[in-house]
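Trainee: Sending over a structure as structure tokens; questions will come in a sec.
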2 protein chains.
Amino acid sequence: MSLTVVGSVAFDGLETPFGKREKILGGAATHFSLSASFFTNVRIVGVVGNDFGAEEEQVFKNHNIDISDVERVSDGKTFFWRGRYEYDMNIARTLETRLNVFETFKPKLSEETKKSRLVFLANIQPDLQREVRDQIAGAELIGLDTMNLWIDIARESLLKTIAGVNILFINDAEARQLADEPNVIKAAQKILTWGPKYLVIKRGEYGAALFTKDTYFAIPAYPLESVFDPTGAGDTFAGGFMGYLDSQETLDEAAMRRAMIFGSVMASFNVEEFGTERVQRLTHNEINERFRAFKRMTHFEEIIFERAAKAAE
Amino acid sequence: MSLTVVGSVAFDGLETPFGKREKILGGAATHFSLSASFFTNVRIVGVVGNDFGAEEEQVFKNHNIDISDVERVSDGKTFFWRGRYEYDMNIARTLETRLNVFETFKPKLSEETKKSRLVFLANIQPDLQREVRDQIAGAELIGLDTMNLWIDIARESLLKTIAGVNILFINDAEARQLADEPNVIKAAQKILTWGPKYLVIKRGEYGAALFTKDTYFAIPAYPLESVFDPTGAGDTFAGGFMGYLDSQETLDEAAMRRAMIFGSVMASFNVEEFGTERVQRLTHNEINERFRAFKRMTHFEEIIFERAAKAAE
């Protein structure tokens, strides 16, 4: 089993009501791969600059993440993003974006990587996502993330990319915008006619939903008394989801549903501390314990109600 | 088993993007009692004017709802509310409120009503709710609804009322406002220190959650492709919840969880058509079928993940 993620490795500068970090390891592929590494073997296709050193490398090594397809640009700097979360923690305000080496990123896939069973195309320009997609024709399952920016400025290209993947991961607002339909259920059904068999809609503090043409599965978020840093929650979700799937032989809907839980479990840990700090020292026991908590908080007994004859008089 | 609701019987004028009704039967006690009537015997304590006629009476009779404690004021008109829903259907804009006979409403409970096993205090001024509460000291379980208006203008009285009930039904925003705490999970825990054993937080299109001091249960909403008229959804939820509970001998958390599903089922039907139109012609088969749908859309297999030795190499 093998899983590849194509996307950003970055440094983040973060400010939240709970504290501040000047420059910590971040990026979609970083969050995704750390999360997935608890379930399967992951490799990253990405690019970094000369400020990516032994310390950062060690984080990936510690989790058996293969970074041999991460291109090193010796005369450039790694993608840097600085943002601030206000009190409600739902919306990030971007303070600074330096694309650096990411600006001219052209994903280069080794022969080994091209044979990956599962692939996740993290949020990058949809033309690039499609170029990667065309090199991995043999993959059993391809997941895709995107964002409002591409819906706004590269809609036609994005629709072509969506048509070539199996699972799309977006949030409520993106689903509404993409389908141009205010009702999310209708929006989901519309998007599912464009190619993907599965659509995962992320709902932040309200959890997540998995749509197919015929079925609907929805779960709450793990109830957290404080969200410390939401950066990377979506990629951590996708990492738990795709990582768990890659550990399974059969990729049916039952597996997808368990993947939804593992995705939510991983995302719930991710937001408990800054950046990747919490996920880096996570254990399988903690993951399994929180999976069980999801069962406890969603379980109810199935019954058929029959009105007692006497009561109906 | 017996259930009493104290609250408004009203006429509503409604405008939605899907149509218009000039004057249809509405009010919290109406929506609640119709919903609960599918599960148990319900009685209403309320007040109506001389425009409440045989046609309205018949609706309650058809569902064996006891309206003998509904006071008739021969020289007044029934409470009337007119509102409009915009395209997103989440927020009602009040166009007109005529309290009429409801302005001086003093709930009068017959001896029979005072012996009710379960009581629901629909959204009215909290002093009045407490007056009722003091007359039903023997009730096994008391549910309470309220709204942002009373949190704003009658906070102290509301807190006293909350201290005397077993279940509080509010929405996310009200929970945050009531507890003065932006995190809903923290807000819920704070409110639970004030008296109620159970707190139900309604989340609209995102479903509902049941909090106790030690447990958390959350369910999605039934996925509807169109919401026709959300008026009365909260009271219909509470009616299904309390009605189902009254059909049960043991009021434990397992019963509360099933009550959450029945409440959501009833609310999902309520919003499919104007006012009480859909619920009036609902069948037990339809209710049970939708209950099963909730099981299908929340079920996943519980597992413990163990990383295969080979994969970890």
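Identifiers for the structure tokens are assigned positionally: chains receive A, B, ... in sequence, residues are indexed from 1 per chain, and ligands are indexed from 1 in the order shown.
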Distance limit 7 Å, atoms considered: only C-alpha atoms. Which chain A residues sit that close to chain B? Return them as a PyMOL selection string.
Mentor: chain A and resi 39-41+88+182-183+185-186+206+216-220+223-225+254+257-258+288+295+297-298+300-302+304-305+307+311
Trainee: List every residue of range 70-265 of chain A that DSSP, applied to the backbone, labels as helix (DSSP H, G or I), and write the result as a ChimeraX atom specification.
Mentor: /A:100-104,111-114,126-135,148-153,155-163,172-179,184-192,204-206,233-246,253-265
Trainee: Taking 6 positions as the minimum chain separation for residues in the same chain, which residues sit within 6 Å of range 42-57 of chain A when counting only C-alpha atoms? Answer as a PyMOL selection string.
Mentor: chain A and resi 3-8+65-67+69-74+76-78
Trainee: Record the distance separating CA of Lys61 in chain A and CA of Ala36 in chain A, expressed in Å with one decimal.
Mentor: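 About the pair CA of Lys61 in chain A and CA of Ala36 in chain A: they are 13.7 Å apart.
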Trainee: Could you pull out the strand (DSSP E) residues of range 27-210 of chain A from DSSP and send them as a PyMOL selection string?
Mentor: chain A and resi 42-48+66-72+80-85+92-98+118-121+141-145+167-171+198-202+208-210
Trainee: What is the distance between CA of Gly138 in chain A and CA of Ser35 in chain A, in Å to one decimal?
Mentor: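 CA of Ser35 in chain A lies 24.0 Å from CA of Gly138 in chain A.
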Trainee: I want to know what sits within 8 Å of Ile162 in chain A, based on only C-alpha atoms, with residues of the same chain fewer than 2 positions away left out; could you give that as a PyMOL selection string?
Mentor: chain A and resi 144+158-160+164-165+168+194-196
Trainee: With C-alpha atoms retained, export the selected residues as a PDB file, in the first residue's frame.
Mentor:
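As written to disk, part_18.pdb reads:
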```pdb
ATOM      1  CA  LEU A 144      -8.595  16.487  -4.438  1.00  0.00           C
ATOM      2  CA  LEU A 158     -10.975  23.310 -11.835  1.00  0.00           C
ATOM      3  CA  LEU A 159     -14.069  21.621 -13.292  1.00  0.00           C
ATOM      4  CA  LYS A 160     -11.815  19.606 -15.640  1.00  0.00           C
ATOM      5  CA  GLY A 164     -10.755  13.293 -13.137  1.00  0.00           C
ATOM      6  CA  VAL A 165     -10.772  12.497  -9.408  1.00  0.00           C
ATOM      7  CA  LEU A 168     -13.405  15.912  -3.628  1.00  0.00           C
ATOM      8  CA  TRP A 194     -19.356  16.104 -12.597  1.00  0.00           C
ATOM      9  CA  GLY A 195     -17.199  13.042 -11.959  1.00  0.00           C
ATOM     10  CA  PRO A 196     -16.241  12.276  -8.348  1.00  0.00           C
TER      11      PRO A 196
END
```
